[in-house]
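Structure data (compact mmCIF, C-alpha atoms) from start_7.txt:
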# COMPACT_ATOMS: atom_id res chain seq x y z
CA MET C 1080 51.26 -37.09 16.00
CA ALA C 1081 50.41 -33.43 15.88
CA GLU C 1082 49.98 -31.88 12.49
CA PRO C 1083 52.47 -29.18 11.59
CA SER C 1084 51.03 -25.73 12.03
CA ALA C 1085 50.33 -23.74 8.95
CA PRO C 1086 52.91 -21.08 8.15
CA ALA C 1087 51.95 -17.57 9.15
CA PRO C 1088 50.68 -15.53 6.25
CA LYS C 1089 53.20 -13.13 4.83
CA THR C 1090 52.34 -9.51 5.45
CA SER C 1091 53.32 -7.19 2.68
CA ARG C 1092 53.79 -3.56 3.49
CA PHE C 1093 53.25 -1.23 0.60
CA LYS C 1094 55.59 1.72 0.39
CA VAL C 1095 53.90 5.00 1.23
CA PRO C 1096 54.73 7.76 -1.28
CA GLY C 1097 57.26 10.20 0.19
CA GLU C 1098 58.17 7.91 3.09
CA GLY C 1099 61.78 7.61 4.24
CA ASN C 1100 64.60 9.76 5.56
CA SER C 1101 65.58 12.67 3.31
CA ALA C 1102 68.35 14.12 5.51
CA LEU C 1103 71.17 12.97 3.20
CA ILE C 1104 69.42 14.48 0.18
CA SER C 1105 69.05 17.77 2.06
CA VAL C 1106 72.75 17.82 2.98
CA VAL C 1107 73.78 17.11 -0.61
CA THR C 1108 71.46 19.87 -1.85
CA ILE C 1109 72.93 22.43 0.57
CA VAL C 1110 76.49 21.44 -0.35
CA ALA C 1111 75.64 21.74 -4.05
CA ILE C 1112 74.13 25.23 -3.57
CA VAL C 1113 77.17 26.46 -1.60
CA ALA C 1114 79.54 24.93 -4.18
CA LEU C 1115 77.69 26.66 -7.02
CA TRP C 1116 77.72 29.93 -5.07
CA ALA C 1117 81.49 29.59 -4.49
CA LEU C 1118 82.14 28.73 -8.14
CA VAL C 1119 80.12 31.62 -9.57
CA SER C 1120 81.45 34.24 -7.13
CA ASN C 1121 85.12 33.17 -7.11
CA LEU C 1122 85.32 33.00 -10.90
CA GLY C 1123 84.01 36.54 -11.09
CA TRP C 1124 80.92 35.70 -13.14
CA ILE C 1125 78.95 37.96 -10.78
CA LYS C 1126 80.48 41.10 -9.25
CA PRO C 1127 81.14 41.00 -5.47
CA LEU C 1128 78.77 43.95 -5.01
CA PHE C 1129 75.90 41.69 -6.08
CA LEU C 1130 77.15 38.32 -4.80
CA PRO C 1131 80.12 38.17 -2.39
CA THR C 1132 82.09 34.96 -2.05
CA PRO C 1133 81.32 32.50 0.76
CA GLN C 1134 84.76 33.24 2.22
CA THR C 1135 83.92 36.95 2.50
CA VAL C 1136 80.59 36.22 4.13
CA PHE C 1137 82.22 33.82 6.59
CA LYS C 1138 84.90 36.43 7.40
CA VAL C 1139 82.19 39.01 8.19
CA PHE C 1140 80.37 36.40 10.30
CA VAL C 1141 83.54 35.81 12.37
CA GLU C 1142 84.02 39.57 12.80
CA TYR C 1143 80.46 39.99 14.10
CA LEU C 1144 80.74 36.88 16.23
CA THR C 1145 83.96 38.06 17.92
CA GLY C 1146 82.88 41.69 18.25
CA GLN C 1147 85.49 43.01 15.79
CA ALA C 1148 82.93 44.50 13.40
CA ASN C 1149 82.08 48.22 13.31
CA ASP C 1150 78.71 47.39 14.83
CA LYS C 1151 77.18 45.66 17.81
CA PRO C 1152 78.29 42.01 18.18
CA LEU C 1153 76.15 39.35 16.55
CA TRP C 1154 74.86 37.95 19.83
CA GLU C 1155 73.18 41.29 20.68
CA HIS C 1156 71.39 41.37 17.33
CA PHE C 1157 70.45 37.72 17.73
CA VAL C 1158 69.10 38.06 21.29
CA ALA C 1159 67.02 41.13 20.39
CA SER C 1160 65.46 39.41 17.39
CA ILE C 1161 64.84 36.07 19.09
CA LEU C 1162 63.11 37.79 22.01
CA ARG C 1163 60.81 39.71 19.66
CA VAL C 1164 59.92 36.68 17.58
CA ALA C 1165 59.53 34.38 20.61
CA ALA C 1166 57.32 36.85 22.51
CA ALA C 1167 55.07 37.40 19.49
CA PHE C 1168 54.92 33.71 18.59
CA TRP C 1169 54.00 32.38 22.03
CA LEU C 1170 51.50 35.20 22.54
CA ALA C 1171 49.93 34.13 19.24
CA VAL C 1172 49.87 30.49 20.36
CA ILE C 1173 48.02 31.18 23.61
CA THR C 1174 45.48 33.43 21.89
CA ALA C 1175 45.08 32.12 18.32
CA VAL C 1176 44.74 28.43 19.20
CA PRO C 1177 41.74 28.98 21.56
CA VAL C 1178 40.19 31.29 18.94
CA GLY C 1179 40.65 28.62 16.26
CA ILE C 1180 39.20 25.93 18.53
CA ALA C 1181 36.21 28.17 19.28
CA MET C 1182 35.72 28.82 15.55
CA GLY C 1183 35.73 25.09 14.89
CA MET C 1184 33.21 24.34 17.65
CA SER C 1185 30.86 27.33 17.56
CA ARG C 1186 29.13 29.05 14.67
CA VAL C 1187 28.90 32.21 16.81
CA ALA C 1188 32.68 32.32 17.31
CA ARG C 1189 33.16 31.51 13.63
CA GLY C 1190 30.89 34.38 12.67
CA ILE C 1191 32.74 36.80 14.96
CA PHE C 1192 36.35 35.94 14.08
CA ASP C 1193 36.24 34.57 10.54
CA ALA C 1194 35.68 37.86 8.67
CA PRO C 1195 38.37 39.93 10.50
CA ILE C 1196 40.98 37.17 10.17
CA GLU C 1197 40.26 36.56 6.50
CA PHE C 1198 40.29 40.32 5.87
CA TYR C 1199 43.74 41.05 7.29
CA ARG C 1200 45.40 37.69 6.55
CA PRO C 1201 46.28 38.43 2.89
CA LEU C 1202 47.55 41.95 3.70
CA PRO C 1203 51.35 42.36 3.65
CA PRO C 1204 52.65 43.56 7.04
CA LEU C 1205 54.17 46.68 5.47
CA SER C 1206 50.68 47.83 4.47
CA TYR C 1207 49.48 48.22 8.06
CA LEU C 1208 52.88 49.00 9.60
CA PRO C 1209 52.27 52.80 9.36
CA LEU C 1210 49.02 52.45 11.32
CA ILE C 1211 50.72 50.41 14.01
CA ILE C 1212 53.41 53.08 14.35
CA ILE C 1213 50.79 55.87 14.58
CA TRP C 1214 48.73 53.97 17.15
CA PHE C 1215 51.47 52.40 19.32
CA GLY C 1216 54.60 54.51 18.80
CA ILE C 1217 58.09 53.28 17.97
CA GLU C 1218 59.07 51.27 21.05
CA GLU C 1219 59.08 47.46 21.34
CA LEU C 1220 55.29 47.04 21.30
CA PRO C 1221 54.74 47.76 17.57
CA LYS C 1222 57.58 45.41 16.59
CA VAL C 1223 56.17 42.53 18.62
CA LEU C 1224 52.61 43.36 17.53
CA LEU C 1225 53.51 43.23 13.83
CA ILE C 1226 55.10 39.79 14.22
CA TYR C 1227 52.18 38.66 16.41
CA LEU C 1228 49.66 39.55 13.70
CA ALA C 1229 51.69 37.64 11.13
CA CYS C 1230 51.65 34.53 13.36
CA PHE C 1231 48.03 34.79 14.54
CA ALA C 1232 46.11 34.04 11.33
CA PRO C 1233 47.83 30.76 10.30
CA LEU C 1234 47.63 29.46 13.86
CA ALA C 1235 43.92 30.26 14.21
CA LEU C 1236 43.06 28.72 10.84
CA ALA C 1237 45.13 25.60 11.56
CA ALA C 1238 43.36 25.10 14.90
CA ARG C 1239 39.98 25.64 13.26
CA SER C 1240 40.76 23.12 10.53
CA GLY C 1241 42.12 20.63 13.06
CA MET C 1242 38.85 20.61 14.99
CA LYS C 1243 37.28 18.81 12.00
CA SER C 1244 39.90 16.03 12.06
CA ALA C 1245 38.08 13.73 14.49
CA SER C 1246 35.77 11.34 12.68
CA GLN C 1247 32.10 11.10 13.54
CA GLU C 1248 32.63 7.45 14.52
CA GLN C 1249 35.21 8.45 17.16
CA ILE C 1250 32.87 11.09 18.57
CA ASN C 1251 29.89 8.70 18.65
CA ALA C 1252 32.02 6.01 20.29
CA ALA C 1253 33.04 8.42 23.06
CA TYR C 1254 29.43 9.47 23.65
CA SER C 1255 28.31 5.82 23.72
CA MET C 1256 30.79 5.16 26.52
CA GLY C 1257 29.25 7.93 28.62
CA ALA C 1258 31.62 10.81 27.84
CA SER C 1259 30.32 14.32 28.37
CA TYR C 1260 30.56 17.11 25.78
CA GLY C 1261 33.65 18.54 27.50
CA GLN C 1262 35.31 15.11 27.70
CA VAL C 1263 34.70 14.52 23.99
CA ILE C 1264 36.42 17.82 23.18
CA ARG C 1265 39.32 17.13 25.54
CA HIS C 1266 39.96 13.45 24.81
CA VAL C 1267 38.80 13.05 21.20
CA ILE C 1268 38.63 16.29 19.26
CA LEU C 1269 41.70 18.09 20.66
CA PRO C 1270 44.08 15.11 20.20
CA ALA C 1271 42.79 14.75 16.63
CA ALA C 1272 43.37 18.48 16.05
CA LEU C 1273 46.87 18.51 17.55
CA PRO C 1274 48.76 17.49 14.35
CA GLU C 1275 47.27 20.39 12.39
CA ILE C 1276 47.88 22.80 15.27
CA LEU C 1277 51.56 21.81 15.32
CA VAL C 1278 51.81 22.28 11.56
CA GLY C 1279 50.21 25.68 12.04
CA MET C 1280 52.87 26.52 14.62
CA ARG C 1281 55.61 25.64 12.13
CA ILE C 1282 53.99 27.84 9.48
CA ALA C 1283 53.41 30.68 11.95
CA ILE C 1284 57.02 30.83 13.14
CA GLY C 1285 58.07 31.01 9.50
CA PHE C 1286 55.78 34.01 9.01
CA GLY C 1287 57.24 35.49 12.20
CA TRP C 1288 60.79 35.39 10.89
CA THR C 1289 59.60 36.67 7.52
CA THR C 1290 58.04 39.70 9.21
CA LEU C 1291 61.06 40.35 11.44
CA VAL C 1292 62.83 42.65 8.97
CA ALA C 1293 59.68 44.74 8.49
CA ALA C 1294 59.14 44.89 12.26
CA GLU C 1295 62.69 46.09 12.90
CA MET C 1296 62.24 48.94 10.44
CA VAL C 1297 60.40 50.67 13.30
CA ALA C 1298 63.23 52.71 14.84
CA ALA C 1299 65.20 49.65 15.91
CA ASN C 1300 68.89 50.04 16.73
CA VAL C 1301 69.58 46.36 17.29
CA GLY C 1302 68.33 43.13 15.73
CA LEU C 1303 69.13 40.86 12.81
CA GLY C 1304 66.62 42.61 10.58
CA GLN C 1305 67.98 46.02 11.52
CA MET C 1306 71.52 44.78 10.83
CA VAL C 1307 70.49 43.65 7.33
CA LEU C 1308 68.62 46.90 6.56
CA ASN C 1309 71.48 49.06 7.80
CA ALA C 1310 74.00 47.08 5.73
CA ALA C 1311 71.81 47.39 2.63
CA ASN C 1312 71.87 51.19 2.97
CA PHE C 1313 75.68 51.09 2.67
CA LEU C 1314 75.70 48.40 -0.08
CA ARG C 1315 77.40 45.92 2.28
CA THR C 1316 76.15 42.84 0.45
CA ASP C 1317 78.43 40.59 2.49
CA ILE C 1318 76.72 41.63 5.75
CA VAL C 1319 73.29 41.32 4.09
CA MET C 1320 74.12 37.78 2.97
CA MET C 1321 75.46 36.90 6.41
CA GLY C 1322 72.29 38.19 8.09
CA ILE C 1323 70.09 36.28 5.65
CA VAL C 1324 72.00 33.06 6.32
CA VAL C 1325 71.81 33.54 10.11
CA ILE C 1326 68.05 34.22 10.04
CA GLY C 1327 67.47 31.25 7.72
CA VAL C 1328 69.56 28.87 9.85
CA VAL C 1329 67.85 29.92 13.10
CA ALA C 1330 64.39 29.54 11.55
CA TYR C 1331 65.33 26.14 10.10
CA LEU C 1332 66.66 24.90 13.45
CA PHE C 1333 63.39 25.91 15.11
CA ASP C 1334 61.48 24.07 12.40
CA LEU C 1335 63.56 20.94 13.07
CA PHE C 1336 62.77 21.31 16.77
CA MET C 1337 59.05 21.57 16.01
CA ARG C 1338 59.27 18.43 13.86
CA GLN C 1339 60.72 16.54 16.83
CA VAL C 1340 57.97 17.92 19.09
CA GLU C 1341 55.45 16.72 16.51
CA LYS C 1342 56.93 13.21 16.53
CA TRP C 1343 56.82 13.14 20.32
CA ALA C 1344 53.37 14.71 20.76
CA VAL C 1345 51.54 12.95 17.90
CA PRO C 1346 53.40 9.68 17.20
CA TRP C 1347 50.29 8.27 15.54
CA LYS C 1348 50.28 10.87 12.77
CA GLY C 1349 50.31 9.20 9.34
CA LYS C 1350 49.90 5.70 10.82
CA MET C 1351 46.12 5.54 10.98
Do you think you could lay out the structure here as structure tokens?
Amino acid sequence: MAEPSAPAPKTSRFKVPGEGNSALISVVTIVAIVALWALVSNLGWIKPLFLPTPQTVFKVFVEYLTGQANDKPLWEHFVASILRVAAAFWLAVITAVPVGIAMGMSRVARGIFDAPIEFYRPLPPLSYLPLIIIWFGIEELPKVLLIYLACFAPLALAARSGMKSASQEQINAAYSMGASYGQVIRHVILPAALPEILVGMRIAIGFGWTTLVAAEMVAANVGLGQMVLNAANFLRTDIVMMGIVVIGVVAYLFDLFMRQVEKWAVPWKGKM
């Protein structure tokens, strides 16, 4: 008679700090902020000049959306801004990521690019905006260039940092199996660097949207940033609030998209 097999050992999985879905908490937080905003503004605790009610902001949003406002419709402002940010961001991706990879792999490249990037990275865009206007005029180029510079530094530094993510054991294992130097970079180091590069992309697009208003100060007649600046000149706080909400929502949706790309491109992140 065969002996009964021993029961399989129980595997306990310890909870990782911060693990789990936080979507419901985020929704509750947003609802609470809007409710507090509605309470404070509708009760008159803060004057409408300083904080308009959510209803007023929504009314202005509908007017811009349907073309009833005394301005260009919202879609024109949105398209102009998204094209500027997208052009600058993807130009930064195709230039900053190779620079960051080169900095992580070569001391010569690190010596060439490290000092200029670290010099201009802490500078606020408004500090070198006058130079960009003097050098490149007031057309679309300076607007895109300003956003590009804001996106470039975090992307390059993220790629450089990511190149150190592959462990020495992984690199030695690849070499022991006959991989060449180029194959080690392509199949070991770059996949290990990809999570940090994607995080750098999320940070860079945030800097891009942050710089948008400054970029559209350069003789722009259309764009979300220009719409906000023009409204501020006439103390139209409701339009300013509407523009801020639109920019924030668009940037947040892109960040959610990048999170999904990260899950698809690097499913192993946090599981090793």
Inset, instruction - Using atom CA of Val1263 of chain C and atom CA of Ala1171 of chain C as the two end points, give the distance in Å to one decimal. - result: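 Atom-to-atom, atom CA of Val1263 of chain C to atom CA of Ala1171 of chain C, that is 25.3 Å.
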Padding 5 Å on each side, edges along x, y and z: where is the centre of the box around the listed atoms of segment 1129-1137 of chain C, and how long are its edges in Å to one decimal? Output it as lines of an AutoDock Vina configuration file.
center_x = 80.3
center_y = 37.1
center_z = 0.3
size_x = 18.9
size_y = 19.2
size_z = 22.7
Inset, instruction - Do a neighbour search on segment 1120-1134 of chain C at 10 Å with all atoms listed in the file, toss out local chain neighbours closer than 4 positions, and write the hits as a ChimeraX atom specification. - result: /C:1113-1116,1138-1140,1314-1321
Legend entry - Polymer residues at most 10 Å from Met1306 of chain C, only C-alpha atoms, same-chain spacing of 6 or more positions, as a list in words: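 So, after excluding close chain neighbours, the residues are Asp1150, Lys1151, Leu1153, His1156, Phe1157, Val1292, Glu1295, Ala1299, Asn1300, Ile1318, Val1319, Met1321 and Gly1322 of chain C.
The residue that comes closest to Arg1200 of chain C, out of C:Phe1231, C:Leu1303, C:Gln1247, C:Thr1135 and on the basis of all atoms listed in the file, is C:Phe1231.
Interatomic distance, atom CA of Gln1339 of chain C against atom CA of Gly1285 of chain C: 16.4 Å.
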Legend entry - Top pick for closest residue to Gly1287 of chain C, considering C:Leu1225, C:Ile1180, C:Ala1272, C:Val1172 and counting only C-alpha atoms: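 So, comparing all the options, the nearest one is C:Leu1225.
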Legend entry - Distance query Gly1179 of chain C at most 12 Å, only C-alpha atoms, self and fewer than 5 positions along chain excluded, as an NGL selection string: :C and (1171-1174 or 1184-1186 or 1188-1193 or 1196 or 1231-1243 or 1269 or 1272-1273 or 1275-1276 or 1279)
Inset, instruction - One decimal, Å: what's the distance from atom CA of Ile1217 of chain C over to atom CA of Val1297 of chain C, could you say? - result: 5.8 Å
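Of the residues listed (C:Ala1293, C:Val1141, C:Ala1245, C:Val1136), C:Ala1293 shows the shortest atom-to-atom separation from Ser1206 of chain C; distances use only C-alpha atoms.
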Legend entry - Selected residue, from C:Phe1137, C:Trp1343, C:Tyr1260, C:Phe1198, that lies nearest to Leu1277 of chain C when counting only C-alpha atoms: C:Trp1343
Inset, instruction - Tell me which of C:Ala1181, C:Ile1284, C:Ala1252, C:Leu1208 sits closest to Asp1334 of chain C, counting all atoms listed in the file. - result: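 Answer, going by the shortest atom-to-atom distance: C:Ile1284.
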Segment 1222-1252 of chain C rebuilt with N, CA and C atoms, output as a compact mmCIF listing (two decimals), in the frame of the given file:
# COMPACT_ATOMS: atom_id res chain seq x y z
N LYS C 1222 56.78 46.47 17.22
CA LYS C 1222 57.58 45.41 16.59
C LYS C 1222 56.99 44.04 16.91
N VAL C 1223 56.73 43.81 18.20
CA VAL C 1223 56.17 42.53 18.62
C VAL C 1223 54.76 42.36 18.05
N LEU C 1224 53.98 43.43 18.03
CA LEU C 1224 52.61 43.36 17.53
C LEU C 1224 52.57 42.98 16.05
N LEU C 1225 53.48 43.54 15.27
CA LEU C 1225 53.51 43.23 13.83
C LEU C 1225 53.80 41.75 13.60
N ILE C 1226 54.78 41.21 14.34
CA ILE C 1226 55.10 39.79 14.22
C ILE C 1226 53.95 38.93 14.74
N TYR C 1227 53.32 39.38 15.83
CA TYR C 1227 52.18 38.66 16.41
C TYR C 1227 51.05 38.52 15.39
N LEU C 1228 50.73 39.60 14.69
CA LEU C 1228 49.66 39.55 13.70
C LEU C 1228 50.00 38.61 12.55
N ALA C 1229 51.28 38.56 12.19
CA ALA C 1229 51.69 37.64 11.13
C ALA C 1229 51.54 36.18 11.56
N CYS C 1230 51.75 35.90 12.85
CA CYS C 1230 51.65 34.53 13.36
C CYS C 1230 50.21 34.13 13.68
N PHE C 1231 49.37 35.09 14.01
CA PHE C 1231 48.03 34.79 14.54
C PHE C 1231 47.16 34.05 13.53
N ALA C 1232 47.06 34.59 12.31
CA ALA C 1232 46.11 34.04 11.33
C ALA C 1232 46.38 32.57 10.99
N PRO C 1233 47.63 32.18 10.62
CA PRO C 1233 47.83 30.76 10.30
C PRO C 1233 47.60 29.83 11.47
N LEU C 1234 47.88 30.30 12.69
CA LEU C 1234 47.63 29.46 13.86
C LEU C 1234 46.13 29.27 14.09
N ALA C 1235 45.37 30.35 14.00
CA ALA C 1235 43.92 30.26 14.21
C ALA C 1235 43.27 29.37 13.16
N LEU C 1236 43.66 29.52 11.91
CA LEU C 1236 43.06 28.72 10.84
C LEU C 1236 43.46 27.26 10.95
N ALA C 1237 44.70 26.99 11.38
CA ALA C 1237 45.13 25.60 11.56
C ALA C 1237 44.35 24.93 12.68
N ALA C 1238 44.14 25.66 13.79
CA ALA C 1238 43.36 25.10 14.90
C ALA C 1238 41.92 24.87 14.49
N ARG C 1239 41.36 25.81 13.74
CA ARG C 1239 39.98 25.64 13.26
C ARG C 1239 39.86 24.42 12.36
N SER C 1240 40.79 24.27 11.43
CA SER C 1240 40.76 23.12 10.53
C SER C 1240 40.96 21.81 11.29
N GLY C 1241 41.84 21.85 12.30
CA GLY C 1241 42.12 20.63 13.06
C GLY C 1241 40.93 20.12 13.84
N MET C 1242 40.02 21.03 14.23
CA MET C 1242 38.85 20.61 14.99
C MET C 1242 37.92 19.71 14.18
N LYS C 1243 38.10 19.68 12.86
CA LYS C 1243 37.28 18.81 12.00
C LYS C 1243 37.97 17.48 11.72
N SER C 1244 39.12 17.23 12.36
CA SER C 1244 39.90 16.03 12.06
C SER C 1244 39.32 14.77 12.69
N ALA C 1245 38.66 14.90 13.83
CA ALA C 1245 38.08 13.73 14.49
C ALA C 1245 36.90 13.21 13.67
N SER C 1246 36.87 11.92 13.45
CA SER C 1246 35.77 11.34 12.68
C SER C 1246 34.50 11.26 13.52
N GLN C 1247 33.38 11.19 12.84
CA GLN C 1247 32.10 11.10 13.54
C GLN C 1247 32.01 9.80 14.32
N GLU C 1248 32.64 8.73 13.81
CA GLU C 1248 32.63 7.45 14.52
C GLU C 1248 33.34 7.56 15.86
N GLN C 1249 34.48 8.27 15.90
CA GLN C 1249 35.21 8.45 17.16
C GLN C 1249 34.36 9.24 18.16
N ILE C 1250 33.71 10.28 17.68
CA ILE C 1250 32.87 11.09 18.57
C ILE C 1250 31.69 10.28 19.11
N ASN C 1251 31.02 9.53 18.22
CA ASN C 1251 29.89 8.70 18.65
C ASN C 1251 30.33 7.62 19.63
N ALA C 1252 31.51 7.04 19.38
CA ALA C 1252 32.02 6.01 20.29
C ALA C 1252 32.26 6.57 21.69
